[in-house]
Amino acid sequence: MITAGIDMGSRSIKVVLVEELKVDGAPQLKYGVKKTHIMMPGDLDQDVAADKAYNEALEAAGLKRDDVKVVFATGAGRKQVAFATEGITEMTAGAKGASFMFPMARTVVDVGAEEGRGMKTDADGKAVDFAGNEKCAAGAGSFAEAMSRALQMTLKEFGDASLKSDKSIPMNAQCTVFAESEVVSLIHSSTPKNDIAKAVLDAVASRVCAMVRRVGIDGEVVLIGGMAHNAGFVQSLKTAMGVDAVSLPDMPEYISALGCALIAAERQH
Amino acid sequence: MNAEVKADTLPEKKEFWRWQENVWVDETKDWKSAKIITCGIDVGSVSSQAVLVVDGELYGYNSMRTGNNSPDSAKNALQGVMDKCGMKLEDIHFVVGTGYGRVNVPFAHKAITEIACHARGANYMGGNKVRTILDMGGQDCKAIHCDEKGKVTNFLMNDKCAAGTGRGMEVISDLMQIPIAELGPRSFDIDADVEAVSSVCVVFAKSEALGLLKAGYTKNKVIAAYCQAMAERVVSLLERIGVEEGFFITGGIAKNPGVVKRIEKLLGIQAMDTKIDSQIAGALGAALFGYTLQSKKAA
Amino acid sequence: MIANYGYKDGSGEYYISIDTDKCIGCTADRACLTACPKQMFETITDDYDDEVTWVKKPNCRTLAYDCADCKPSAGYTSLPCMTACTPGAIKHSW
């Protein structure tokens, strides 16, 4: 059986196709990721974009729509997916996906483009508590991205630059818009770019951390969402949370879509 | 009164957000024969003002952009207005700093919060009937209740979020590539009313504005949608403490009819008029506090 | 005067109100200062030269997070600061 999860994020759409792998005689069912696909919608309307992303994913997997048993959707735009049977919250999907990759995970941090959230999970991969920062662009990826633009760097260069700094410059501004002016002042006062990059990522990390603290930091910590690719951010987050290690899945931005597909499969039984 | 426009503030192609800086002095008065001369300096994250009050009356002011180096802004703001009338720092009896000026003005005798200063300033500018003050500053937004003497009875300030602040307006000015002073009038040059964009976050409002442009909305309509969002945000702040008649708006955005008229419509209350530059309310209040304190000393 | 400290952003509105008329000449020995686990209250002399309590500036911008540990979601049925302030000067907006 093949199921699909589609994560309608604020910046990109992720599709994950999951196949049930029956192991003879084994009581537990296992799943394998059949295909993942990401698309940046650009100018398209949400429902049109969802369709397009799904079609592209199917084509890449060599499948037709009929081959897929059921599609579930998650993410900010999940209601716009006409062909999805059910909508799952990002909390539930993220928790499921993270626990699948890391069965010992108990604290899941999801930092996407426009939303950041912290989730407390149990052994079954369910989110038992969560705290989010919806509708405020600070404490999410677009903040770091805007600042990296101000420094004329790519987000990756930005992350790498922050690792080269050992200073801790606190940022006053909580809001992305104000922080931009603050970064400009720092640039004008000849603060080294590495230190500015670290200051910004530290600021995002501390906001994300404050959210996670509302649910409590316990056990294995997993970071999902696009920002997990950024080594500088991961370091800042570890420092802010006071943990030695943060588990990073290979394809962090797909984890919510994965969780969504897994839940879809589970619900067919 | 004639305000002098500095040559370097004329709109250049790139800096659409640059609003007009002003220096003014009351040429009909002679400060040299005054008993008490006080000064208020308001250093904000976006703009800085220095106001001179002579024997309790507004005498002169300088309103300029704070720029990147705020410690010097206080000095520069004051120098600008002193130069206009040949005054020197030694001629001033009492200096009050407010805003960042509470920490950045080494020659200030006292520091007073911008809340108290705005209320006092509004009381001077609008008269003793002023009861509710809305200050839309560069990076914060304040709702203040005051009594007939300009003393604060209730206040609420939001300086965490850009929604409802001047920076928020500068963002749209930049995006549209239209000088900030033109935004207000243009927001009315539309054929039908528009719905507001996101009023909870400037970053989201900006993405929505871009989306509207792509969908074929004219620039004026997008500006209108943005002004509406800003008005709604500001009104929700005001409604938290309530609005009484005697409604007075201070700060740079008071000069933007696009936002002001929409606020008035949402509240069903007209804002009071003033002939004095709305951006100097804080520094003016500070200078007036200085006058009271200096008078007590001299007595 | 009612002094409101806090903020509103996309995630909500978080203000702590202090009624300074009840705060001046505190009859509770400034119990709020120690009652708050995060010690976010502080006594200052305000613009009108009255001794009152306020919320420390750095905390004003992170109230949602700072106060979360005292809210019902964390198991509390009443806020330590409000209980400590017997004159009833302190109120939370959420």
# chains A, B, ... in the order shown; residues from 1 in each chain; ligands from 1
$ interface_residues --of "chain C" --to "chain A" --cutoff "12 Å" --atoms "only C-alpha atoms" --output "list in words"
Tyr7, Lys8, Asp9, Gly10, Ser11, Gly12, Lys57, Pro58, Asn59, Cys60, Arg61, Thr62, Leu63, Ala64, Tyr65, Asp66, Cys67, Ala68, Asp69, Cys70, Lys71, Ser73 and Ala74 of chain C
$ residues_around --residues "segment 41-44 of chain C" --least-positions-apart "2" --cutoff "9 Å" --atoms "only C-alpha atoms" --output "ChimeraX atom specification"
/C:30,32-34,36,38-39,46,50-56,59
$ residues_around --residues "Ala162 of chain B" --least-positions-apart "3" --cutoff "7 Å" --atoms "only C-alpha atoms" --output "list of chain:residue names"
A:Cys175, A:Val177, A:Phe178, B:Gln139, B:Thr165, B:Arg167, B:Gly168, B:Val202
$ residues_around --residues "segment 51-58 of chain B" --least-positions-apart "6" --cutoff "8 Å" --atoms "only C-alpha atoms" --output "MDAnalysis selection string"
chainID B and resid 31 34:41 78 81 280 283:284 287:288 291
$ interface_residues --of "chain B" --to "chain C" --cutoff "7 Å" --atoms "only C-alpha atoms" --output "PyMOL selection string"
chain B and resi 112-113+116+152-156+158-161+200-201
$ write_last_selection --atoms "C-alpha atoms" --output "compact mmCIF listing (two decimals), in the first residue's frame"
# COMPACT_ATOMS: atom_id res chain seq x y z
CA ILE B 112 11.76 61.23 31.79
CA THR B 113 9.92 58.47 29.97
CA ALA B 116 4.91 61.12 30.29
CA VAL B 152 -0.80 60.19 32.43
CA THR B 153 -3.68 58.15 33.87
CA ASN B 154 -3.38 55.02 31.74
CA PHE B 155 -0.94 53.86 29.11
CA LEU B 156 -0.07 50.96 26.91
CA ASN B 158 3.95 48.07 22.08
CA ASP B 159 7.57 48.21 21.04
CA LYS B 160 8.06 44.60 20.21
CA CYS B 161 6.17 44.40 16.96
CA VAL B 200 -0.78 41.12 12.66
CA CYS B 201 2.64 41.26 11.09
